[in-house]
Amino acid sequence: MTAQILDGNALGQKLRAGFKQRAEELALQGMRPGLAVILVGEDPASQVYVRNKVNACAQAGFHSEKHAYPADIEPSAVFDKIAELNADPKIHGILVQLPLPRNFDTEALLDAIAPEKDVDGFRAENVGALVQGQPCFIPCTPYGAMKFFEEAGISLKGKEAVVVGRSNIVGKPMAMLLMHAGATVTVCHSQTRDLKAHCLRADILVAAIGRPKMITGDMIKPGAVVIDVGINRLPDGKLCGDVDFESAKEVASFITPVPGGVGPMTITMLLANTLESAERSANT
Ligand code: GUN
C-alpha cells in the first residue's frame, strides 16, 4: 500500500481563499484583521516561521506587524510592547514566537497577552478552556492536524490515537483535541518504555518529538493515519520530519509530508484564529 498524501499546501490554500473573502467583508466595515508577531533573538528557524506568518497575512489581506528584538533585550521592554499591542485596535492577534531566550519567563510573558488576542491559545486560561471543551483559541498546529482529519473524512470516534511528544505547543493540546473527538489517546514521551509497541497500536499516529526520522515504517500499524509535526534540518540542508517518510508511506493509509504538510496548516490556522478574533471584535 502507498499512503495518500495529506497536502497542507492545497488544504491551506483552499481555507485561506475563504479567509480572504471574510477579510474583504470586514473591510466593508472599515476593518482589517491585524496580527502582531513578536520575535526575540536570532534563531534561524524562528526567523523563517515569522517571515512565513507575516507573508501569509499579506496574502490574505490582513494587516500584520513584526516586532523583532535582540536576544539581550530587557524582558520589560517586551512586556511594554505587549501592553501597547493589547490596547491597539488595529491588532486582533498577538503571537510571541517561541522559544524565548532563557532569561525570559515564558509563561508570564504569554499571560501578559490580552485573552481575546491570544491567537496561539497558549495562555493558561485558554489551555484550561481547551481541556474543559469550552470555546477557546485552539493552538494552531494541533488545529491544523484536526483539519486534515476533517478534510479527508477520517472519523476519530473509538480510534486508538498515539501522540509522540508532550509539549505545551503540540503534544498536550493535540491529545486533548483527539480525546474530545472520541479517540482513545496515549501520549508517549522521552521516558516511555516501549515506544514502538505503543506506535504499533495507533490508528492515528501524531509525531511531535523534534527528532529527524525517528518513527520508521516498522513502527506503524498498516493503514494508520500519520501526522508528522516535525520540521528538522538535516546536515545537507534538507528538511525532514520526525517520521521516516519513505518507509512510513508504504504502511500508512494517509500521511503528511515534510515540508508541505503540517507547516502550512499551522500558519493557516493562525490566520483562522486572527480572523475569528477580528470578527468578534467587529461584532461587539
Ligand atoms: N514555535 C514553534 N511553534 C510555534 C507556534 O505554533 N507558535 C509560536 N508562538 N511559537 C512556536
# chains A, B, ... in the order shown; residues from 1 in each chain; ligands from 1
>>> closest_atom_pairs(of="chain A", to="ligand 1", cutoff="10 Å", atoms="only C-alpha atoms and all ligand atoms", output="Markdown table")
| residue | atom | partner | partner_atom_place_in_ligand_line | distance |
| --- | --- | --- | --- | --- |
| A:Val37 | CA | ligand 1 | 9 (N) | 8.3 |
| A:Ile38 | CA | ligand 1 | 9 (N) | 8.5 |
| A:Leu39 | CA | ligand 1 | 9 (N) | 9.0 |
| A:Ala45 | CA | ligand 1 | 2 (C) | 8.8 |
| A:Ser46 | CA | ligand 1 | 1 (N) | 6.8 |
| A:Tyr49 | CA | ligand 1 | 1 (N) | 8.0 |
| A:Val50 | CA | ligand 1 | 10 (N) | 8.8 |
| A:Ile94 | CA | ligand 1 | 9 (N) | 9.0 |
| A:Leu95 | CA | ligand 1 | 9 (N) | 5.4 |
| A:Val96 | CA | ligand 1 | 9 (N) | 4.8 |
| A:Gln97 | CA | ligand 1 | 9 (N) | 3.7 |
| A:Leu98 | CA | ligand 1 | 10 (N) | 3.8 |
| A:Pro99 | CA | ligand 1 | 1 (N) | 6.0 |
| A:Leu100 | CA | ligand 1 | 10 (N) | 9.0 |
| A:Leu110 | CA | ligand 1 | 9 (N) | 9.3 |
| A:Asp118 | CA | ligand 1 | 9 (N) | 10.0 |
| A:Val119 | CA | ligand 1 | 9 (N) | 9.1 |
| A:Asp120 | CA | ligand 1 | 7 (N) | 6.0 |
| A:Gly121 | CA | ligand 1 | 7 (N) | 9.0 |
| A:Phe122 | CA | ligand 1 | 9 (N) | 8.1 |
| A:Pro139 | CA | ligand 1 | 6 (O) | 7.0 |
| A:Cys140 | CA | ligand 1 | 6 (O) | 5.8 |
| A:Thr141 | CA | ligand 1 | 6 (O) | 5.8 |
| A:Pro142 | CA | ligand 1 | 6 (O) | 9.0 |
| A:Asn168 | CA | ligand 1 | 4 (C) | 9.9 |
| A:Ile169 | CA | ligand 1 | 6 (O) | 6.3 |
| A:Val170 | CA | ligand 1 | 6 (O) | 7.9 |
| A:Val229 | CA | ligand 1 | 3 (N) | 9.8 |
| A:Ile231 | CA | ligand 1 | 2 (C) | 9.8 |
| A:Gly263 | CA | ligand 1 | 6 (O) | 9.3 |
| A:Thr266 | CA | ligand 1 | 6 (O) | 6.6 |
| A:Ile267 | CA | ligand 1 | 6 (O) | 8.1 |
| A:Met269 | CA | ligand 1 | 6 (O) | 9.7 |
| A:Leu270 | CA | ligand 1 | 6 (O) | 8.2 |
>>> select_by_dssp(residues="stretch 91-132 of chain A", states="strand (DSSP E or B)", output="NGL selection string")
:A and (93-96)
>>> write_last_selection(atoms="all heavy atoms", output="PDB file, in the first residue's frame")
ATOM      1  N   GLY A  93      -4.726  39.887  17.032  1.00  0.00           N
ATOM      2  CA  GLY A  93      -3.983  38.720  17.493  1.00  0.00           C
ATOM      3  C   GLY A  93      -2.553  39.090  17.810  1.00  0.00           C
ATOM      4  O   GLY A  93      -1.940  39.890  17.082  1.00  0.00           O
ATOM      5  N   ILE A  94      -2.028  38.548  18.917  1.00  0.00           N
ATOM      6  CA  ILE A  94      -0.624  38.784  19.295  1.00  0.00           C
ATOM      7  C   ILE A  94       0.033  37.422  19.453  1.00  0.00           C
ATOM      8  O   ILE A  94      -0.490  36.552  20.165  1.00  0.00           O
ATOM      9  CB  ILE A  94      -0.516  39.573  20.622  1.00  0.00           C
ATOM     10  CG1 ILE A  94      -1.261  40.906  20.511  1.00  0.00           C
ATOM     11  CG2 ILE A  94       0.946  39.780  21.013  1.00  0.00           C
ATOM     12  CD1 ILE A  94      -1.393  41.654  21.837  1.00  0.00           C
ATOM     13  N   LEU A  95       1.158  37.261  18.788  1.00  0.00           N
ATOM     14  CA  LEU A  95       1.864  35.982  18.847  1.00  0.00           C
ATOM     15  C   LEU A  95       3.304  36.230  19.282  1.00  0.00           C
ATOM     16  O   LEU A  95       3.975  37.077  18.703  1.00  0.00           O
ATOM     17  CB  LEU A  95       1.829  35.344  17.456  1.00  0.00           C
ATOM     18  CG  LEU A  95       2.543  34.026  17.264  1.00  0.00           C
ATOM     19  CD1 LEU A  95       1.812  33.214  16.220  1.00  0.00           C
ATOM     20  CD2 LEU A  95       3.995  34.190  16.864  1.00  0.00           C
ATOM     21  N   VAL A  96       3.724  35.545  20.317  1.00  0.00           N
ATOM     22  CA  VAL A  96       5.127  35.600  20.727  1.00  0.00           C
ATOM     23  C   VAL A  96       5.781  34.327  20.217  1.00  0.00           C
ATOM     24  O   VAL A  96       5.407  33.224  20.629  1.00  0.00           O
ATOM     25  CB  VAL A  96       5.249  35.678  22.269  1.00  0.00           C
ATOM     26  CG1 VAL A  96       6.717  35.626  22.678  1.00  0.00           C
ATOM     27  CG2 VAL A  96       4.586  36.939  22.811  1.00  0.00           C
TER      28      VAL A  96
END
>>> closest_residue(among="A:Leu200, A:Leu15, A:Leu239, A:Ile113", to="A:Val226", atoms="only C-alpha atoms")
A:Leu200
>>> residues_around(residues="A:Thr268", least_positions_apart="2", cutoff="9 Å", atoms="only C-alpha atoms", output="list in words")
Leu11, Gly12, Gln13, Leu15, Arg16, Lys53, Ala56, Cys140, Gly144, Gly263, Pro264, Met265, Thr266, Leu270, Leu271, Ala272 and Asn273 of chain A
>>> residues_around(residues="A:Ile209", least_positions_apart="4", cutoff="9 Å", atoms="only C-alpha atoms", output="ChimeraX atom specification")
/A:164-167,171,189-190,214,229-230,242
>>> closest_residue(among="A:Ala71, A:Ala175, A:Leu195, A:Ala202", to="A:Met146", atoms="only C-alpha atoms")
A:Ala175
